[in-house]
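First the structure, in the form of structure tokens, and then the observations on it.
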Amino acid sequence: MDLEELEPIEGCSEELEGAMKCFRDNVTKSYTTNSRRWSIWSLLRNHFDKPIEQWLNNKGAEDFFQGESFSVFCKSKGPSEADLYISQRYKRYRGSIPTPDIDTLRNLLLFCHLTPPKSTSTFFYSKTLTSQYRKGGRTPFCELCWKESQAQKELDSGENFSLKSDRFCADHDPRDPYSLYRTDHNNRQAFYVNLRTITRTGYYYNIKDFEQRQHSRWVAYRMTKLHIRNKDISVMDFLLEGFSQSEIARRLGTSRQSILKIKKKTESFITFWKEIRTSSYPIDPEDLTVWESFDQAHPG
Ligand SMILES: [Zn+2]
């Protein structure tokens, strides 16, 4: 499971959402199930035990983990045992605990158990030989955009290994106060929603090559910068099908003015959206020329 998939499920309670975001921001690949210094369980304890206690109190489900703290519960059980326990307890508290909350917890558990114990200690091995790298599971991209992470760049160029980030590119380095990290971190969710939306179209269907994946990330990043969100996409779909503004407004249960606003906002993007909607990723790289002016598109 990739770090980028570690998201609170939509509709989950705010106690969990907050804890999940803090946890995400602090977890690195050094945290594993058996490390003492970088124990994933201590990280869980620091970020989740209190919020989860609070959350269960608010839901009237204090007894959910039968007196154990959440981190102790996770640590003491194997992944499938813990998952089964949670599903069974959930049946009992179904009335008071929302499903997205339970799914968020199950995702988190899965993530923690998949942080593989490390047997090698040098940074070189941690970067090149962990099972995630061997399987190619870890994405080579910066979490917030389409560029390669700094560590991936080093790997590619054969430079000496340093402690550069395997999560961010140089432009999004959280340690650099002048980087774009703060700005784009706030758009993280929108970026991944956009990425999911476009990679589920025929255009990016089943893409695996580095360049293709990079392309989809670039498009999603730019879309996010153009402030395009899901509701704008439904409007563009109706527009492409030739519906009138008032008809779209009626169907989406909103005003004509708001449709007009979205129409203006998406003006510079709709031709690209049409490309994504109606064709497939070109085999011939020359057919990608349609994207050449995409960098010049600006928010309407
Ligand atoms: Zn980046």
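To be explicit about the labels: the chains of the structure tokens are called A, B, and onward in the order shown, and within each one the residues are counted from 1, while ligands get numbers from 1 in the order they are shown.
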Ligand 1: which residues are within 7 Å, counting only C-alpha atoms and all ligand atoms, as a PDB file with N, CA and C atoms, in the first residue's frame?
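Output saved as result-v1.pdb:
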```
ATOM      1  N   CYS A 142       7.263  12.578  -6.827  1.00  0.00           N
ATOM      2  CA  CYS A 142       7.006  13.466  -5.699  1.00  0.00           C
ATOM      3  C   CYS A 142       5.534  13.315  -5.328  1.00  0.00           C
ATOM      4  N   GLU A 143       5.232  13.319  -4.039  1.00  0.00           N
ATOM      5  CA  GLU A 143       3.845  13.118  -3.630  1.00  0.00           C
ATOM      6  C   GLU A 143       2.910  14.215  -4.104  1.00  0.00           C
ATOM      7  N   LEU A 144       3.472  15.390  -4.350  1.00  0.00           N
ATOM      8  CA  LEU A 144       2.595  16.525  -4.634  1.00  0.00           C
ATOM      9  C   LEU A 144       2.589  16.938  -6.103  1.00  0.00           C
ATOM     10  N   CYS A 145       3.353  16.261  -6.946  1.00  0.00           N
ATOM     11  CA  CYS A 145       3.338  16.653  -8.350  1.00  0.00           C
ATOM     12  C   CYS A 145       3.786  15.499  -9.235  1.00  0.00           C
ATOM     13  N   TRP A 146       4.271  15.821 -10.431  1.00  0.00           N
ATOM     14  CA  TRP A 146       4.618  14.787 -11.398  1.00  0.00           C
ATOM     15  C   TRP A 146       6.134  14.544 -11.480  1.00  0.00           C
ATOM     16  N   LYS A 147       6.879  15.398 -10.777  1.00  0.00           N
ATOM     17  CA  LYS A 147       8.335  15.257 -10.896  1.00  0.00           C
ATOM     18  C   LYS A 147       8.837  14.091 -10.052  1.00  0.00           C
ATOM     19  N   PHE A 168       9.441  13.827  -1.789  1.00  0.00           N
ATOM     20  CA  PHE A 168       9.177  15.094  -2.468  1.00  0.00           C
ATOM     21  C   PHE A 168      10.267  15.468  -3.464  1.00  0.00           C
ATOM     22  N   CYS A 169       9.902  16.249  -4.447  1.00  0.00           N
ATOM     23  CA  CYS A 169      10.890  16.793  -5.359  1.00  0.00           C
ATOM     24  C   CYS A 169      11.486  18.053  -4.724  1.00  0.00           C
ATOM     25  N   ALA A 170      12.488  18.622  -5.374  1.00  0.00           N
ATOM     26  CA  ALA A 170      13.155  19.784  -4.785  1.00  0.00           C
ATOM     27  C   ALA A 170      12.186  20.965  -4.640  1.00  0.00           C
ATOM     28  N   ASP A 171      11.251  21.087  -5.582  1.00  0.00           N
ATOM     29  CA  ASP A 171      10.302  22.207  -5.514  1.00  0.00           C
ATOM     30  C   ASP A 171       9.314  22.080  -4.362  1.00  0.00           C
ATOM     31  N   HIS A 172       9.154  20.847  -3.862  1.00  0.00           N
ATOM     32  CA  HIS A 172       8.178  20.636  -2.795  1.00  0.00           C
ATOM     33  C   HIS A 172       8.846  20.189  -1.498  1.00  0.00           C
TER      34      HIS A 172
END
```
Could you list, as an mmCIF file with C-alpha atoms, in the first residue's frame, every residue within 12 Å of Glu211 in chain A, counting only C-alpha atoms and ignoring same-chain residues fewer than 5 positions away?
```cif
data_model
loop_
_atom_site.group_PDB
_atom_site.id
_atom_site.type_symbol
_atom_site.label_atom_id
_atom_site.label_comp_id
_atom_site.auth_asym_id
_atom_site.auth_seq_id
_atom_site.Cartn_x
_atom_site.Cartn_y
_atom_site.Cartn_z
ATOM 1 C CA PRO A 140 9.195 7.337 -8.062
ATOM 2 C CA PHE A 141 7.187 10.554 -8.053
ATOM 3 C CA TRP A 146 4.618 14.787 -11.398
ATOM 4 C CA LYS A 147 8.335 15.257 -10.896
ATOM 5 C CA GLU A 148 10.628 12.592 -9.586
ATOM 6 C CA TYR A 204 -5.093 6.552 -19.230
ATOM 7 C CA SER A 216 -1.315 11.752 -15.950
ATOM 8 C CA ARG A 217 0.209 13.319 -12.839
ATOM 9 C CA TRP A 218 1.207 16.423 -14.752
ATOM 10 C CA TYR A 281 -3.284 7.711 -24.875
ATOM 11 C CA PRO A 282 -1.427 7.896 -28.179
ATOM 12 C CA ILE A 283 0.975 5.156 -29.149
ATOM 13 C CA PRO A 285 4.472 10.291 -29.032
ATOM 14 C CA LEU A 288 0.859 14.219 -27.797
#
```
*Mind giving me the straight-line distance from CA of Arg277 in chain A to CA of Tyr192 in chain A in Å, one decimal?*
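Separation of CA of Arg277 in chain A and CA of Tyr192 in chain A: 18.4 Å.
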*Have a look at A:Thr28, A:Ser280, A:Gln189, A:Thr266 and name the one nearest to Gly202 in chain A; count only C-alpha atoms.*
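Comparing A:Thr28, A:Ser280, A:Gln189, A:Thr266 against Gly202 in chain A, the winner is A:Ser280.
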_Residues within 9 Å of Met236 in chain A, only C-alpha atoms, excluding chain neighbours under 2 positions, as JSON, numbers by chain_ = {"A": [231, 232, 233, 234, 238, 239, 240, 241, 262, 263, 266, 270, 273, 274]}
*asked:* Taking only range 15-60 of chain A into account, list the residues labelled helix (DSSP H, G or I) by DSSP (computed from the backbone), as a ChimeraX atom specification.
replied: /A:15-26,40-59
Restricting the output to N, CA and C atoms, write the selected residues as a CSV table (one decimal), in the first residue's frame.
```csv
chain,number,residue,atom,x,y,z
A,15,GLU,N,-12.4,13.6,14.1
A,15,GLU,CA,-11.4,13.2,15.0
A,15,GLU,C,-10.4,12.3,14.2
A,16,LEU,N,-10.9,11.4,13.5
A,16,LEU,CA,-10.1,10.4,12.7
A,16,LEU,C,-9.4,11.1,11.6
A,17,GLU,N,-10.1,12.0,10.9
A,17,GLU,CA,-9.5,12.7,9.8
A,17,GLU,C,-8.3,13.5,10.2
A,18,GLY,N,-8.4,14.2,11.3
A,18,GLY,CA,-7.3,15.0,11.8
A,18,GLY,C,-6.1,14.2,12.2
A,19,ALA,N,-6.4,13.1,12.9
A,19,ALA,CA,-5.3,12.2,13.3
A,19,ALA,C,-4.6,11.6,12.1
A,20,MET,N,-5.4,11.2,11.1
A,20,MET,CA,-4.8,10.6,9.9
A,20,MET,C,-3.9,11.5,9.2
A,21,LYS,N,-4.3,12.8,9.1
A,21,LYS,CA,-3.5,13.8,8.4
A,21,LYS,C,-2.2,14.0,9.1
A,22,CYS,N,-2.3,14.1,10.5
A,22,CYS,CA,-1.0,14.3,11.2
A,22,CYS,C,-0.1,13.1,11.1
A,23,PHE,N,-0.7,11.9,11.2
A,23,PHE,CA,0.1,10.7,11.0
A,23,PHE,C,0.8,10.7,9.7
A,24,ARG,N,0.0,10.9,8.6
A,24,ARG,CA,0.6,11.0,7.3
A,24,ARG,C,1.8,11.9,7.1
A,25,ASP,N,1.6,13.1,7.7
A,25,ASP,CA,2.7,14.1,7.6
A,25,ASP,C,3.9,13.7,8.3
A,26,ASN,N,3.8,12.7,9.3
A,26,ASN,CA,5.0,12.4,10.1
A,26,ASN,C,5.6,11.1,9.8
A,40,ILE,N,6.6,2.0,14.1
A,40,ILE,CA,5.3,2.5,13.6
A,40,ILE,C,4.3,2.5,14.7
A,41,TRP,N,4.4,1.6,15.7
A,41,TRP,CA,3.4,1.5,16.8
A,41,TRP,C,3.5,2.8,17.7
A,42,SER,N,4.7,3.2,17.9
A,42,SER,CA,4.8,4.5,18.7
A,42,SER,C,4.2,5.6,18.0
A,43,LEU,N,4.4,5.6,16.7
A,43,LEU,CA,3.9,6.7,15.9
A,43,LEU,C,2.3,6.7,15.9
A,44,LEU,N,1.8,5.5,15.9
A,44,LEU,CA,0.3,5.3,16.0
A,44,LEU,C,-0.1,5.8,17.4
A,45,ARG,N,0.7,5.4,18.4
A,45,ARG,CA,0.3,5.8,19.8
A,45,ARG,C,0.2,7.4,19.9
A,46,ASN,N,1.3,8.0,19.3
A,46,ASN,CA,1.3,9.5,19.5
A,46,ASN,C,0.2,10.2,18.7
A,47,HIS,N,-0.2,9.6,17.6
A,47,HIS,CA,-1.1,10.3,16.8
A,47,HIS,C,-2.6,9.8,16.9
A,48,PHE,N,-2.7,8.6,17.3
A,48,PHE,CA,-4.1,8.0,17.3
A,48,PHE,C,-4.7,7.7,18.6
A,49,ASP,N,-3.9,7.4,19.6
A,49,ASP,CA,-4.5,6.9,20.9
A,49,ASP,C,-5.5,7.9,21.5
A,50,LYS,N,-5.1,9.1,21.6
A,50,LYS,CA,-6.0,10.1,22.2
A,50,LYS,C,-7.2,10.4,21.3
A,51,PRO,N,-7.0,10.7,20.0
A,51,PRO,CA,-8.1,11.0,19.1
A,51,PRO,C,-9.1,9.8,19.1
A,52,ILE,N,-8.6,8.6,19.1
A,52,ILE,CA,-9.5,7.5,19.0
A,52,ILE,C,-10.3,7.3,20.3
A,53,GLU,N,-9.7,7.6,21.4
A,53,GLU,CA,-10.4,7.5,22.7
A,53,GLU,C,-11.5,8.5,22.6
A,54,GLN,N,-11.2,9.7,22.2
A,54,GLN,CA,-12.2,10.8,22.1
A,54,GLN,C,-13.3,10.4,21.2
A,55,TRP,N,-12.9,9.9,20.0
A,55,TRP,CA,-13.9,9.5,19.0
A,55,TRP,C,-14.8,8.5,19.5
A,56,LEU,N,-14.3,7.4,20.2
A,56,LEU,CA,-15.2,6.4,20.7
A,56,LEU,C,-16.1,6.9,21.8
A,57,ASN,N,-15.6,7.8,22.6
A,57,ASN,CA,-16.4,8.5,23.6
A,57,ASN,C,-17.6,9.2,23.0
A,58,ASN,N,-17.3,10.0,21.9
A,58,ASN,CA,-18.3,10.7,21.3
A,58,ASN,C,-19.3,9.8,20.6
A,59,LYS,N,-18.9,8.6,20.2
A,59,LYS,CA,-19.9,7.7,19.6
A,59,LYS,C,-20.5,6.8,20.6
```
*Tell me which of A:Asn194, A:Gln66, A:Ser13, A:Thr254 sits closest to Pro100 in chain A, counting only C-alpha atoms.*
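The answer is A:Ser13, which sits nearest to Pro100 in chain A.
Taking CA of Phe269 in chain A and CA of Glu10 in chain A as endpoints, the distance between them is 26.6 Å.
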*For the atom pair CA of Asp83 in chain A and CA of Val193 in chain A, what is the interatomic distance in Å to one decimal place?*
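CA of Asp83 in chain A sits 26.5 Å away from CA of Val193 in chain A.
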_Contact residues around Arg251 in chain A with only C-alpha atoms at 12 Å, ignoring same-chain residues under 5 positions, as an NGL selection string_ = :A and (234-235 or 238 or 243-246 or 256 or 259)
